[in-house]
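One structure below.
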Amino acid sequence: MSSEKSISSTNLNQTYQEFWHWFEARAKEFYQVIKSGKDVEEKFINIFAPELDRVEPKVFFLVGMDKDKKAELVFTPDGIIKNVLWAEKIVEAAPDIENWKFTALKPESNNEDFAIRMHDLHFDKENIKFYPILHDNYPDKIDLMFVYDPYHEESREEILNGIFIFLDNYLGEETMIQCIDKIDVRGPQNLQEELIPLNKLVDYINWREKEFVEKYQDVRHDSSDDRFSGFEGTVEGGKTILSTINTSVLDWDHKASHPWILVIMNAYDSETEAGFPSPETYEDISRFEEDLEEELPSRDGYIFLGSETVDGLRETFIACREFRKATEVMERLLIKYQDQLNLSFDFFKDKYWQSFERYKMD
């Protein structure tokens, strides 16, 4: 586990190189520990984890032996989309080291007998099946219902969590992040749907993803005719919320081509009773958002959806084709504006921008 801290992008590669130099000097010793399986926590994890946390606190790790008798070190963002890039970058910087394999994101399991046990529950390919939930209005959404044979309602959250972790390892982290929009779980009672064996899941996802890529790979939005509308309302506590939303794009037929929503949070001192920024803060926000639109233009796959401002927080939303470049741009702008604005950011997946349907104009 780690607390998040910032490393300047200028020094990032050098920092990674120093980390790998430190690791290489201990690689033979670490390999023998992993190979033996003895005292792994004391002789590897307790030494390696603090060093990784110092260098790249945004990623976590798993370690074990692979089928080729190499020690495999997997770097994972642990489900945090904005940290995928850093797991990949630290692996890109890794040297070739004898008997070691370095992997970004948890790979898919190639073990036919793969299973996990957690919360006193067992998950494997035999006791999990699935069927797709299809949506007429959202045809490209991959919404999967998993049917767990020993399901019981009082353990629903533990079972759903177990299914997610099983799939994260069975399918691999990249597939879980990129391809699947929603999962749910139920028991086998009163089923009317035709169940599909879990060993058909990869083929089903590959088929859906191939269709998706063919449909949207060349789609770009022309922002020259974008029109923004202003909205005013109140939130809990009676505070006024002001929204400026790109309503002209909410009826676009190709929303699914930009499934990632980048949300930038700008926390500011609420200096008035209404809770809005000072004129000086508004100027800084405007400069930041101009930089953002310049770095993430619509022609490259980014659509400025608008912003909401209320009670000490301004949130800006951008629909993105991908999240890696957007992550890099945001990290750079966070550093540029660190003395003027209190910025943070995150991503969530919303393939049809359902979060913004309340702003659609009739």
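Ordering of the structure tokens sets the chain letters (A, B, ...); residue numbers start at 1 within each chain; ligands are numbered from 1 in the order shown.
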Margin query: Need to verify the contact set: Glu315 (chain A), 6 Å, only C-alpha atoms, exclusion of same-chain residues closer than 5 positions in sequence. Can you return it as a list in words?
Written below: Ile264, Met265, Ser307 and Glu308 of chain A
Next item on the list: Excluding Phe304 (chain A) and residues on its chain fewer than 2 positions from it, collect all residues at most 7 Å away from it, counting only C-alpha atoms, and give them as a ChimeraX atom specification.
Entry: /A:302,306,317-319
Filtering to N, CA, C and O atoms, could you give me those residues as a compact mmCIF listing (two decimals), in the first residue's frame?
# COMPACT_ATOMS: atom_id res chain seq x y z
N TYR A 302 -10.50 13.90 -28.28
CA TYR A 302 -10.90 14.43 -26.98
C TYR A 302 -12.00 15.46 -27.20
O TYR A 302 -11.88 16.33 -28.06
N GLY A 306 -17.76 20.10 -20.90
CA GLY A 306 -18.24 21.22 -20.09
C GLY A 306 -17.75 21.16 -18.67
O GLY A 306 -16.80 20.44 -18.34
N PHE A 317 -15.11 18.27 -17.54
CA PHE A 317 -15.29 16.93 -18.10
C PHE A 317 -14.85 16.89 -19.57
O PHE A 317 -15.25 17.75 -20.36
N ILE A 318 -14.05 15.88 -19.90
CA ILE A 318 -13.60 15.68 -21.27
C ILE A 318 -13.82 14.22 -21.63
O ILE A 318 -13.36 13.32 -20.90
N ALA A 319 -14.51 13.96 -22.73
CA ALA A 319 -14.68 12.59 -23.22
C ALA A 319 -13.46 12.23 -24.08
O ALA A 319 -13.06 13.01 -24.95
Note to self: as a count of residues only, please: the residues near Ala27 (chain A) (cut-off 10 Å, only C-alpha atoms, same-chain neighbours under 6 positions excluded).
What the structure shows: 8
Next item on the list: Please indicate the distance in Å from CA of Leu296 (chain A) to CA of Phe276 (chain A), rounded to one decimal place.
Entry: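 CA of Phe276 (chain A) lies 26.3 Å from CA of Leu296 (chain A).
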Show me, as an mmCIF file with C-alpha atoms, in the first residue's frame, the residues that have an atom within 8 Å of region 326-342 of chain A when counting only C-alpha atoms, minus same-chain residues fewer than 3 positions from it.
data_model
loop_
_atom_site.group_PDB
_atom_site.id
_atom_site.type_symbol
_atom_site.label_atom_id
_atom_site.label_comp_id
_atom_site.auth_asym_id
_atom_site.auth_seq_id
_atom_site.Cartn_x
_atom_site.Cartn_y
_atom_site.Cartn_z
ATOM 1 C CA SER A 8 8.425 15.578 -11.811
ATOM 2 C CA SER A 9 8.137 14.176 -15.329
ATOM 3 C CA LYS A 82 -5.041 7.016 -14.240
ATOM 4 C CA LEU A 85 0.416 4.557 -17.593
ATOM 5 C CA LEU A 262 -11.690 12.603 -17.750
ATOM 6 C CA ASN A 266 -10.348 22.099 -9.013
ATOM 7 C CA ALA A 267 -10.909 22.813 -5.326
ATOM 8 C CA TYR A 268 -10.828 26.505 -4.417
ATOM 9 C CA THR A 281 -9.218 32.141 -9.638
ATOM 10 C CA ASP A 284 -6.380 30.880 -13.624
ATOM 11 C CA ILE A 285 -9.078 28.291 -14.381
ATOM 12 C CA PHE A 288 -5.736 26.070 -17.458
ATOM 13 C CA LEU A 292 -6.101 21.622 -21.686
ATOM 14 C CA GLU A 295 -3.092 19.749 -25.506
ATOM 15 C CA LEU A 296 -6.133 17.496 -25.916
ATOM 16 C CA CYS A 320 -11.618 10.684 -24.437
ATOM 17 C CA GLU A 322 -8.072 6.754 -24.585
ATOM 18 C CA PHE A 323 -6.632 7.623 -21.196
ATOM 19 C CA PHE A 345 -8.129 14.269 -11.794
#
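Remark: for Phe164 (chain A), the closest of the candidate residues A:Tyr352, A:Tyr282, A:Tyr151, A:Phe123 is A:Phe123 (distances computed over only C-alpha atoms).
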Note to self: So that I can check the surroundings of region 251-257 of chain A, please list as a list in words every protein, DNA and RNA residue that reaches within 6 Å of it, counting only C-alpha atoms and ignoring chain neighbours fewer than 2 positions away.
What the structure shows: Tyr216, Val249, Pro259, Lys351 and Tyr352 of chain A
Output of the above residues as an mmCIF file, in the first residue's frame, restricted to all heavy atoms:
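In the end it all went to again-v9.cif:
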data_model
loop_
_atom_site.group_PDB
_atom_site.id
_atom_site.type_symbol
_atom_site.label_atom_id
_atom_site.label_comp_id
_atom_site.auth_asym_id
_atom_site.auth_seq_id
_atom_site.Cartn_x
_atom_site.Cartn_y
_atom_site.Cartn_z
ATOM 1 N N TYR A 216 -15.663 2.052 -34.911
ATOM 2 C CA TYR A 216 -15.315 3.378 -34.384
ATOM 3 C C TYR A 216 -13.860 3.796 -34.580
ATOM 4 O O TYR A 216 -13.496 4.905 -34.183
ATOM 5 C CB TYR A 216 -15.615 3.421 -32.887
ATOM 6 C CG TYR A 216 -17.080 3.330 -32.549
ATOM 7 C CD1 TYR A 216 -17.588 2.241 -31.853
ATOM 8 C CD2 TYR A 216 -17.969 4.340 -32.910
ATOM 9 C CE1 TYR A 216 -18.938 2.159 -31.516
ATOM 10 C CE2 TYR A 216 -19.314 4.270 -32.591
ATOM 11 C CZ TYR A 216 -19.791 3.172 -31.897
ATOM 12 O OH TYR A 216 -21.126 3.090 -31.574
ATOM 13 N N VAL A 249 -23.273 18.192 -28.579
ATOM 14 C CA VAL A 249 -22.646 16.897 -28.841
ATOM 15 C C VAL A 249 -23.345 15.750 -28.108
ATOM 16 O O VAL A 249 -23.037 14.580 -28.334
ATOM 17 C CB VAL A 249 -21.146 16.949 -28.451
ATOM 18 C CG1 VAL A 249 -20.955 16.799 -26.947
ATOM 19 C CG2 VAL A 249 -20.339 15.901 -29.199
ATOM 20 N N PRO A 259 -15.203 6.599 -24.875
ATOM 21 C CA PRO A 259 -15.869 6.031 -23.691
ATOM 22 C C PRO A 259 -15.299 6.473 -22.348
ATOM 23 O O PRO A 259 -15.926 6.226 -21.320
ATOM 24 C CB PRO A 259 -15.647 4.526 -23.870
ATOM 25 C CG PRO A 259 -14.337 4.433 -24.587
ATOM 26 C CD PRO A 259 -14.302 5.619 -25.520
ATOM 27 N N LYS A 351 -19.574 4.760 -21.602
ATOM 28 C CA LYS A 351 -19.507 4.604 -23.055
ATOM 29 C C LYS A 351 -20.554 5.427 -23.795
ATOM 30 O O LYS A 351 -20.330 5.830 -24.941
ATOM 31 C CB LYS A 351 -19.639 3.119 -23.402
ATOM 32 C CG LYS A 351 -19.270 2.787 -24.833
ATOM 33 C CD LYS A 351 -19.274 1.287 -25.070
ATOM 34 C CE LYS A 351 -17.978 0.633 -24.659
ATOM 35 N NZ LYS A 351 -17.968 -0.819 -24.976
ATOM 36 N N TYR A 352 -21.673 5.687 -23.163
ATOM 37 C CA TYR A 352 -22.730 6.460 -23.824
ATOM 38 C C TYR A 352 -23.016 7.782 -23.113
ATOM 39 O O TYR A 352 -24.061 8.391 -23.331
ATOM 40 C CB TYR A 352 -24.005 5.617 -23.930
ATOM 41 C CG TYR A 352 -23.879 4.549 -24.999
ATOM 42 C CD1 TYR A 352 -23.422 3.282 -24.680
ATOM 43 C CD2 TYR A 352 -24.176 4.835 -26.327
ATOM 44 C CE1 TYR A 352 -23.282 2.305 -25.659
ATOM 45 C CE2 TYR A 352 -24.047 3.881 -27.315
ATOM 46 C CZ TYR A 352 -23.594 2.613 -26.979
ATOM 47 O OH TYR A 352 -23.437 1.646 -27.955
#
Note to self: Applying 7 Å and only C-alpha atoms, which residues near Leu242 (chain A) remain after dropping the ones on its own chain fewer than 3 positions away? List them as a list in words.
What the structure shows: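 Contacts, in chain order: Phe231, Glu232, Gly233, Glu308, Thr309 and Val310 of chain A.
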With C-alpha atoms retained, could you export that selection as an mmCIF file, in the first residue's frame?
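Final output, saved to again-v2.cif:
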data_model
loop_
_atom_site.group_PDB
_atom_site.id
_atom_site.type_symbol
_atom_site.label_atom_id
_atom_site.label_comp_id
_atom_site.auth_asym_id
_atom_site.auth_seq_id
_atom_site.Cartn_x
_atom_site.Cartn_y
_atom_site.Cartn_z
ATOM 1 C CA PHE A 231 -27.656 25.763 -16.503
ATOM 2 C CA GLU A 232 -28.353 26.926 -12.976
ATOM 3 C CA GLY A 233 -29.767 24.818 -10.162
ATOM 4 C CA GLU A 308 -19.935 22.231 -13.157
ATOM 5 C CA THR A 309 -19.122 24.745 -10.413
ATOM 6 C CA VAL A 310 -20.528 24.623 -6.898
#
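Using only C-alpha atoms for every distance, the candidate list A:Asp184, A:Glu29, A:Asp120, A:Asp78 yields A:Asp120 as the residue closest to Pro150 (chain A).
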Next item on the list: Check the DSSP output for the backbone and give back, as a ChimeraX atom specification, the residues of region 121-345 of chain A in alpha helix (DSSP H).
Entry: /A:156-170,173-178,201-216,279-295,324-336
Item checked: Proximity to Leu160 (chain A) - best of A:Tyr204, A:Tyr148, A:Tyr16, A:Phe23, only C-alpha atoms ->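 Under the stated criterion, the closest residue is A:Tyr148.
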Item checked: Distance criterion (only C-alpha atoms): nearest to Ile205 (chain A) out of A:Arg220, A:Lys141, A:Lys89, A:Lys349 ->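 Of the candidates, the smallest distance to Ile205 (chain A) is held by A:Lys141.
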Next item on the list: Might you pull out every residue within 8 Å of Pro77 (chain A), with only C-alpha atoms counted and same-chain residues fewer than 3 positions away left off, and present them as a PyMOL selection string?
Entry: chain A and resi 58-60+80-81+83-84+86-87+105
Next item on the list: Give the strand (DSSP E or B) residues of region 74-234 of chain A, as assigned by DSSP on the backbone, as a count of residues only.
Entry: 41
Next item on the list: Go through A:Phe30, A:Gly79, A:Leu305, A:Asp226 one by one, measure the shortest atom-to-atom distance of each to Phe348 (chain A) using only C-alpha atoms, and give the residue with the smallest value.
Entry: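 The shortest atom-to-atom distance to Phe348 (chain A) comes from A:Gly79.
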Checklist line | Nearest to Glu112 (chain A), chosen from A:Asp225, A:Glu209, A:Asp124, A:Asp350, with only C-alpha atoms counted in the distances | finding: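 Once distances to Glu112 (chain A) are computed over only C-alpha atoms, the minimum belongs to A:Asp124.
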Listing only residues of region 2-117 of chain A within 7 Å of region 167-179 of chain A, what is the closest atom pair and its distance in Å (to one decimal) for each, using only C-alpha atoms, sorted by chain and residue number ascending, as JSON lines?
{"residue": "A:Leu105", "atom": "CA", "partner": "A:Glu173", "partner_atom": "CA", "distance": 5.6}
{"residue": "A:Lys106", "atom": "CA", "partner": "A:Glu173", "partner_atom": "CA", "distance": 5.1}
{"residue": "A:Pro107", "atom": "CA", "partner": "A:Gly172", "partner_atom": "CA", "distance": 4.4}
{"residue": "A:Glu108", "atom": "CA", "partner": "A:Gly172", "partner_atom": "CA", "distance": 3.7}
{"residue": "A:Ser109", "atom": "CA", "partner": "A:Tyr170", "partner_atom": "CA", "distance": 4.8}
Check: Just how far from CA of Gly275 (chain A) is CA of Gly312 (chain A), in Å to one decimal?
Finding: 5.7 Å
